[in-house]
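Below you'll find the structure, written out as structure tokens, and then a few comments.
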Amino acid sequence: MQVWYHVMEREVFSDFNELRETFASADYVDGLTVFNIGGNKYRLIASIHYNRRKVYIRNVLTHAEYDREGWKRRT
């Protein structure tokens, strides 16, 4: 997670496609960006506002918690 944080702090991404050049496994799901963290053991779910250069972490879940999809119902 520290590596992810330092990359996000250092880099400026103009859009999701540019972000995928650095984080190839990132997915865009229901308006949120999902990152595989810790060798695919965890999912970090973030709302990214590229125009404002803001990243809001919505959830950090285990792979099993992510698969239950309860995170999609939260606002």
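Each chain of the structure tokens is named A, B, ... in the order shown, its residues numbered from 1; ligands are numbered from 1 in display order.
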
Near-Trp71 (chain A) list (10 Å; only C-alpha atoms; drop same-chain fewer than 5 positions) as a count of residues only:
7

Determine which residues of chain A receive a DSSP assignment of helix (DSSP H, G or I), computed from the backbone, and state them as a PyMOL selection string.
chain A and resi 2-10+16-22+63-67+70-73

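Proximity to Glu18 (chain A) was assessed for A:Leu44, A:Ala64, A:Tyr50, A:Glu69 counting only C-alpha atoms; the smallest distance is recorded for A:Tyr50.
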
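With CA of Val7 (chain A) on one side and CA of Thr22 (chain A) on the other, the separation reads 8.8 Å.
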
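Taking only C-alpha atoms into account, Ile48 (chain A) lies nearest to A:Val12 out of the set A:Gly70, A:Ser25, A:Val12, A:Thr62.
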
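Of the residues in chain A, those given strand (DSSP E or B) by DSSP on the backbone are Asp27, Tyr28, Val29, Leu32, Thr33, Val34, Phe35, Asn36, Ile37, Tyr42, Arg43, Leu44, Ile45, Ala46, Ser47, Ile48, His49, Lys54, Val55, Tyr56, Ile57, Arg58, Asn59, Val60, Leu61 and Thr62 of chain A.
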